[in-house]
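So the structure is just underneath, and the comments pick up after that.
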There are 2 protein chains.
Amino acid sequence: MQQYFVPGPVTNPYQVQEKDLLKHLFSVLRLQEGEQLIFVFDQGEKWQARLIDRDAVLFELEQSVPADKELPVQVTLACAYPKGDKLELVAQKATELGVHQIWGFPGQWSVVKWDAKKLAKRQEKLRKVVLGAAEQSKRDLLPQVELLESQAELLARFTDFDLVLVAYEEAAKAGERSRLAQALGQLVAGQRVLLLVGPEGGLSPQEISSYEERGAQLVGLGPRILRAETAPFYLLSAISYQLELLGNQ
Amino acid sequence: MQQYFVPGPVTNPYQVQEKDLLKHLFSVLRLQEGEQLIFVFDQGEKWQARLIDRDAVLFELEQSVPADKELPVQVTLACAYPKGDKLELVAQKATELGVHQIWGFPGQWSVVKWDAKKLAKRQEKLRKVVLGAAEQSKRDLLPQVELLESQAELLARFTDFDLVLVAYEEAAKAGERSRLAQALGQLVAGQRVLLLVGPEGGLSPQEISSYEERGAQLVGLGPRILRAETAPFYLLSAISYQLELLGNQ
């Protein structure tokens, strides 16, 4: 059943008013009276709904649906701005893999330099990508996207997290192979994790120092060198595997 | 240091003869006498090499480099043909993540239908993508690509593997969450694993039956619904995490 994120509060019957969603429901999906879908309201409440009045766009909320698709920890992914539209690929896949928030920041060695106007435009595009991916992967929550103008903003937020992990290629080259597993094995439900991934050219020694000073752990992702956009897939898959399939404790 | 796959046998000095590589070394990389790179020969032998004669394209093999970048198990990824150029994205990322072989096959519900000519063209393109990714991620081996014309060819090869895992969305929906971890926890070094991933529309009940009859295990990849091209990233990351970071005995 198709799923859509809608603004709350939960009211029954529920009237859809967002233009984009109306267009999608009736021009793309060609929804008919009597047909069903799932609405996810702001607070993460999921309801199975049936179209009961086409003209007034009224849906009857038939039954609540379990919200059980989220990772047990809240994961924020912070990526240094990569080239081209790679951040869109990362945002789409990270959303499928359960990310809670996606941040971009200007890495010291990021090739691209985006001004405030460009960032606002990119952010808008990324939010659409994330919305589509969250609906398709049946997420309970819509991941938030924020593109930062400076690395100082990122550093100031380190204290909001229980664990900060930095994907670090040099760790992989040096044969470091167990820190990620140790860190993930100690996570408990409800904790907040920040994942930091550099740009194509990597993170500078200065950046690495400033992360370590603030308590970040440098982790290798196996012996192969992963591209900047591949590291988030590995990290998020490993978190799901450790917490959802293996199960900590 | 840049890495390149070259045909064996290992001879010292080594003369490069492949046209594509010559063009890359001297037109793109603008290699000068005295500069170094790494050659990986057919058998997986890695050598640090220095250009000693620009005109004869002769390299001195200075020292052998450890070949320690491969997963401890040999993983073959078989993807039902997806739409567009998604298989290229999968091949690139799977190579970075350590896949040993990449196969494509026509899924019953694959939207695209490729004839032999189209398959040959696609295979050629995929091999280039895989070569680039294998060089960049410093693999010891070049993953092989093969696009099959029928699913019968795929089924006939099941007996070549110690473990066949099928990514199965319905397992995720039904809340199945531990089979993948159980299966990966039992792997031992040197074993051969086949990963089977369906197309956008999923695998048909008939396909699922024919896989199960031949001993395949259906595994869920966490509670979220992953797109066809995202499932391989999850599976390969989980295999690396379990075997290389957690470490099976």
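We name chains A, B, ... following the order of the structure tokens; residues begin at 1 in each chain, and ligands are numbered from 1 as shown.
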Where does chain A meet chain B within 6 Å, residue by residue, with the nearest atom pair and distance in Å to one decimal for each, counting only C-alpha atoms, listed by chain and rising number, as CSV?
```
residue,atom,partner,partner_atom,distance
A:Lys69,CA,B:Pro223,CA,5.2
A:Glu96,CA,B:Leu226,CA,5.8
A:Ser137,CA,B:Ile225,CA,4.3
A:Arg177,CA,B:Leu245,CA,5.1
A:Ser178,CA,B:Leu245,CA,5.0
A:Ala181,CA,B:Leu246,CA,5.8
A:Pro223,CA,B:Lys69,CA,5.3
A:Arg224,CA,B:Ser137,CA,5.5
A:Ile225,CA,B:Ser137,CA,4.3
A:Leu226,CA,B:Glu96,CA,5.8
A:Tyr234,CA,B:Ser237,CA,5.1
A:Ser237,CA,B:Tyr234,CA,5.1
A:Ala238,CA,B:Ala238,CA,5.9
A:Leu245,CA,B:Ser178,CA,5.0
A:Leu246,CA,B:Ala181,CA,5.7
```
Dump N, CA and C atoms for the selected residues as a PDB file, in the first residue's frame?
```pdb
ATOM      1  N   LYS A  69       9.486   0.745  11.838  1.00  0.00           N
ATOM      2  CA  LYS A  69      10.487   0.706  10.774  1.00  0.00           C
ATOM      3  C   LYS A  69      11.752   1.499  11.083  1.00  0.00           C
ATOM      4  N   GLU A  96      16.627   5.154   2.826  1.00  0.00           N
ATOM      5  CA  GLU A  96      16.195   3.752   2.795  1.00  0.00           C
ATOM      6  C   GLU A  96      16.819   2.958   3.937  1.00  0.00           C
ATOM      7  N   SER A 137      10.323   3.449   1.188  1.00  0.00           N
ATOM      8  CA  SER A 137      10.886   2.461   2.110  1.00  0.00           C
ATOM      9  C   SER A 137      10.033   2.292   3.365  1.00  0.00           C
ATOM     10  N   ARG A 177      40.719  -2.594  12.236  1.00  0.00           N
ATOM     11  CA  ARG A 177      39.547  -3.336  11.790  1.00  0.00           C
ATOM     12  C   ARG A 177      38.525  -3.632  12.852  1.00  0.00           C
ATOM     13  N   SER A 178      38.625  -3.067  14.032  1.00  0.00           N
ATOM     14  CA  SER A 178      37.644  -3.506  15.014  1.00  0.00           C
ATOM     15  C   SER A 178      36.953  -2.375  15.755  1.00  0.00           C
ATOM     16  N   ALA A 181      33.127  -2.025  15.078  1.00  0.00           N
ATOM     17  CA  ALA A 181      32.342  -3.092  15.710  1.00  0.00           C
ATOM     18  C   ALA A 181      32.261  -2.890  17.221  1.00  0.00           C
ATOM     19  N   PRO A 223      39.132  -3.318   4.691  1.00  0.00           N
ATOM     20  CA  PRO A 223      40.423  -3.032   4.070  1.00  0.00           C
ATOM     21  C   PRO A 223      40.366  -2.326   2.717  1.00  0.00           C
ATOM     22  N   ARG A 224      39.213  -2.286   2.082  1.00  0.00           N
ATOM     23  CA  ARG A 224      39.136  -1.647   0.765  1.00  0.00           C
ATOM     24  C   ARG A 224      38.876  -0.143   0.905  1.00  0.00           C
ATOM     25  N   ILE A 225      39.327   0.613  -0.075  1.00  0.00           N
ATOM     26  CA  ILE A 225      39.122   2.062  -0.053  1.00  0.00           C
ATOM     27  C   ILE A 225      37.755   2.363  -0.664  1.00  0.00           C
ATOM     28  N   LEU A 226      36.833   2.875   0.140  1.00  0.00           N
ATOM     29  CA  LEU A 226      35.496   3.191  -0.362  1.00  0.00           C
ATOM     30  C   LEU A 226      35.438   4.644  -0.838  1.00  0.00           C
ATOM     31  N   TYR A 234      27.871   1.754   3.850  1.00  0.00           N
ATOM     32  CA  TYR A 234      28.509   0.753   4.708  1.00  0.00           C
ATOM     33  C   TYR A 234      28.153   1.017   6.168  1.00  0.00           C
ATOM     34  N   SER A 237      24.391   0.385   6.911  1.00  0.00           N
ATOM     35  CA  SER A 237      24.101  -1.053   6.834  1.00  0.00           C
ATOM     36  C   SER A 237      24.667  -1.767   8.061  1.00  0.00           C
ATOM     37  N   ALA A 238      25.875  -1.382   8.469  1.00  0.00           N
ATOM     38  CA  ALA A 238      26.503  -2.016   9.637  1.00  0.00           C
ATOM     39  C   ALA A 238      25.692  -1.725  10.901  1.00  0.00           C
ATOM     40  N   LEU A 245      19.648  -6.902  13.309  1.00  0.00           N
ATOM     41  CA  LEU A 245      19.732  -8.333  12.960  1.00  0.00           C
ATOM     42  C   LEU A 245      20.489  -9.123  14.021  1.00  0.00           C
ATOM     43  N   LEU A 246      21.694  -8.671  14.366  1.00  0.00           N
ATOM     44  CA  LEU A 246      22.417  -9.366  15.441  1.00  0.00           C
ATOM     45  C   LEU A 246      21.739  -9.092  16.776  1.00  0.00           C
TER      46      LEU A 246
END
```
Checklist line | Selection: 8 Å around segment 56-64 of chain A, only C-alpha atoms, excl. self and same-chain fewer than 5 positions, as a list of chain:residue names | finding: A:Asn12, A:Pro13, A:Tyr14, A:Gln15, A:Val16, A:Glu45, A:Lys46, A:Trp47, A:Gln48, A:Ala49, A:Arg50, A:Leu51
Only all heavy atoms, please: the residues just picked out, written as a short mmCIF file (atom, residue, chain, number, x, y, z; two decimals), in the first residue's frame.
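The file below, part.cif, is the result:
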```
data_model
loop_
_atom_site.label_atom_id
_atom_site.label_comp_id
_atom_site.auth_asym_id
_atom_site.auth_seq_id
_atom_site.Cartn_x
_atom_site.Cartn_y
_atom_site.Cartn_z
N ASN A 12 -10.16 12.65 12.00
CA ASN A 12 -10.89 11.62 11.25
C ASN A 12 -12.31 12.10 11.00
O ASN A 12 -13.05 12.32 11.96
CB ASN A 12 -10.90 10.31 12.06
CG ASN A 12 -11.27 9.12 11.18
OD1 ASN A 12 -11.51 9.27 9.99
ND2 ASN A 12 -11.30 7.95 11.80
N PRO A 13 -12.77 12.28 9.75
CA PRO A 13 -12.01 12.05 8.52
C PRO A 13 -10.92 13.09 8.33
O PRO A 13 -10.97 14.16 8.89
CB PRO A 13 -13.08 12.17 7.44
CG PRO A 13 -14.12 13.06 8.01
CD PRO A 13 -14.14 12.77 9.48
N TYR A 14 -9.92 12.71 7.47
CA TYR A 14 -8.78 13.60 7.23
C TYR A 14 -8.89 14.17 5.82
O TYR A 14 -9.16 13.45 4.86
CB TYR A 14 -7.48 12.81 7.38
CG TYR A 14 -6.25 13.66 7.14
CD1 TYR A 14 -5.78 14.54 8.12
CD2 TYR A 14 -5.56 13.61 5.93
CE1 TYR A 14 -4.67 15.34 7.92
CE2 TYR A 14 -4.44 14.40 5.72
CZ TYR A 14 -4.00 15.27 6.70
OH TYR A 14 -2.90 16.06 6.49
N GLN A 15 -8.68 15.48 5.75
CA GLN A 15 -8.75 16.15 4.44
C GLN A 15 -7.35 16.53 3.96
O GLN A 15 -6.63 17.24 4.65
CB GLN A 15 -9.60 17.41 4.56
CG GLN A 15 -9.85 18.06 3.21
CD GLN A 15 -10.73 19.29 3.33
OE1 GLN A 15 -10.59 20.09 4.25
NE2 GLN A 15 -11.67 19.43 2.39
N VAL A 16 -6.99 16.04 2.77
CA VAL A 16 -5.68 16.38 2.20
C VAL A 16 -5.76 17.75 1.55
O VAL A 16 -6.69 18.04 0.80
CB VAL A 16 -5.26 15.32 1.14
CG1 VAL A 16 -4.03 15.80 0.37
CG2 VAL A 16 -4.97 13.99 1.80
N GLU A 45 2.75 8.93 13.70
CA GLU A 45 1.60 8.01 13.74
C GLU A 45 1.23 7.59 12.33
O GLU A 45 1.11 8.42 11.43
CB GLU A 45 0.39 8.74 14.35
CG GLU A 45 0.32 8.66 15.85
CD GLU A 45 -1.05 9.14 16.33
OE1 GLU A 45 -2.04 8.42 16.11
OE2 GLU A 45 -1.11 10.24 16.90
N LYS A 46 1.02 6.28 12.14
CA LYS A 46 0.66 5.75 10.82
C LYS A 46 -0.78 5.27 10.82
O LYS A 46 -1.18 4.53 11.72
CB LYS A 46 1.56 4.55 10.48
CG LYS A 46 2.96 4.92 10.07
CD LYS A 46 3.74 3.66 9.69
CE LYS A 46 4.92 3.99 8.82
NZ LYS A 46 5.72 2.82 8.47
N TRP A 47 -1.54 5.66 9.81
CA TRP A 47 -2.94 5.24 9.70
C TRP A 47 -3.25 4.73 8.29
O TRP A 47 -2.88 5.35 7.30
CB TRP A 47 -3.88 6.43 10.00
CG TRP A 47 -3.97 6.73 11.47
CD1 TRP A 47 -3.12 7.53 12.19
CD2 TRP A 47 -4.95 6.22 12.39
NE1 TRP A 47 -3.52 7.55 13.51
CE2 TRP A 47 -4.63 6.77 13.66
CE3 TRP A 47 -6.06 5.37 12.27
CZ2 TRP A 47 -5.39 6.48 14.80
CZ3 TRP A 47 -6.81 5.10 13.39
CH2 TRP A 47 -6.47 5.64 14.65
N GLN A 48 -3.95 3.61 8.25
CA GLN A 48 -4.50 3.14 6.98
C GLN A 48 -5.76 3.96 6.72
O GLN A 48 -6.60 4.11 7.61
CB GLN A 48 -4.84 1.66 7.11
CG GLN A 48 -5.43 1.07 5.86
CD GLN A 48 -5.80 -0.39 6.10
OE1 GLN A 48 -4.96 -1.20 6.51
NE2 GLN A 48 -7.06 -0.72 5.87
N ALA A 49 -5.84 4.54 5.51
CA ALA A 49 -6.94 5.46 5.22
C ALA A 49 -7.63 5.08 3.91
O ALA A 49 -7.00 4.51 3.02
CB ALA A 49 -6.40 6.88 5.12
N ARG A 50 -8.94 5.39 3.81
CA ARG A 50 -9.70 5.07 2.60
C ARG A 50 -10.35 6.36 2.08
O ARG A 50 -10.93 7.13 2.86
CB ARG A 50 -10.79 4.04 2.95
CG ARG A 50 -11.55 3.51 1.74
CD ARG A 50 -12.70 2.60 2.16
NE ARG A 50 -12.26 1.41 2.86
CZ ARG A 50 -11.93 0.26 2.24
NH1 ARG A 50 -11.99 0.19 0.93
NH2 ARG A 50 -11.55 -0.78 2.96
N LEU A 51 -10.24 6.57 0.78
CA LEU A 51 -10.86 7.77 0.19
C LEU A 51 -12.38 7.59 0.20
O LEU A 51 -12.91 6.67 -0.42
CB LEU A 51 -10.36 7.96 -1.25
CG LEU A 51 -10.90 9.20 -1.97
CD1 LEU A 51 -10.46 10.49 -1.28
CD2 LEU A 51 -10.45 9.22 -3.43
#
```
Notebook entry, point to check: Running DSSP on the backbone, which parts of segment 34-164 of chain A land in strand (DSSP E or B), as a VMD selection string?
Noted result: chain A and resid 36 to 40 46 to 53 58 to 65 74 to 80 101 to 105 144 to 147 163 to 164
For the residues in that selection, give me C-alpha atoms as a short mmCIF file (atom, residue, chain, number, x, y, z; two decimals), in the first residue's frame.
```
data_model
loop_
_atom_site.label_atom_id
_atom_site.label_comp_id
_atom_site.auth_asym_id
_atom_site.auth_seq_id
_atom_site.Cartn_x
_atom_site.Cartn_y
_atom_site.Cartn_z
CA GLN A 36 -6.72 2.75 0.45
CA LEU A 37 -3.34 4.16 1.36
CA ILE A 38 -1.28 4.91 4.45
CA PHE A 39 -0.80 8.35 5.97
CA VAL A 40 2.09 9.12 8.32
CA LYS A 46 0.66 5.75 10.82
CA TRP A 47 -2.94 5.24 9.70
CA GLN A 48 -4.50 3.14 6.98
CA ALA A 49 -6.94 5.46 5.22
CA ARG A 50 -9.70 5.07 2.60
CA LEU A 51 -10.86 7.77 0.19
CA ILE A 52 -14.54 8.35 1.01
CA ASP A 53 -15.22 11.64 -0.78
CA LEU A 58 -11.80 13.25 2.54
CA PHE A 59 -10.20 10.06 3.87
CA GLU A 60 -11.57 7.87 6.62
CA LEU A 61 -8.79 6.73 8.97
CA GLU A 62 -9.62 3.04 9.27
CA GLN A 63 -6.97 1.66 11.53
CA SER A 64 -3.65 2.56 13.03
CA VAL A 65 -0.60 0.82 11.53
CA GLN A 74 18.94 8.03 15.97
CA VAL A 75 21.60 8.36 13.31
CA THR A 76 22.66 11.69 11.84
CA LEU A 77 24.81 11.50 8.73
CA ALA A 78 27.05 14.50 8.04
CA CYS A 79 28.71 14.50 4.61
CA ALA A 80 31.31 16.96 3.38
CA GLN A 101 18.94 13.40 9.79
CA ILE A 102 21.17 14.27 6.85
CA TRP A 103 23.57 17.19 7.06
CA GLY A 104 25.99 18.56 4.51
CA PHE A 105 28.97 20.69 5.42
CA GLN A 144 15.41 16.06 8.05
CA VAL A 145 17.92 17.62 5.67
CA GLU A 146 20.10 20.57 6.56
CA LEU A 147 22.99 22.00 4.54
CA LEU A 163 28.75 8.77 19.82
CA VAL A 164 30.56 10.47 16.94
#
```
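Non-sequential neighbours of segment 113-122 of chain A (distance at most 10 Å, separation of 2 or more positions within a chain, only C-alpha atoms) are Tyr81, Pro82, Lys83, Asp85, Leu87, Glu88, Gly104, Phe105, Pro106, Gly107, Ser110, Val111, Glu124, Lys125, Leu126, Arg127, Glu146, Leu147, Leu148 and Glu149 of chain A.
Our summary of the geometry notes that atom CA of Pro199 of chain A is positioned 5.7 Å from atom CA of Ala228 of chain A.
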Check: Pick from B:Ser210, B:Gln3, B:Gln217, B:Ser27: nearest to Phe41 of chain B, with only C-alpha atoms counted?
Finding: B:Gln3
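Separating atom CA of Leu195 of chain A from atom CA of Arg214 of chain A is a distance of 13.7 Å.
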Margin query: Residues of segment 181-235 of chain A classed as helix (DSSP H, G or I) by DSSP on the backbone are to be reported as number ranges by chain.
Written below: A: 181-185, 205-213, 231-235
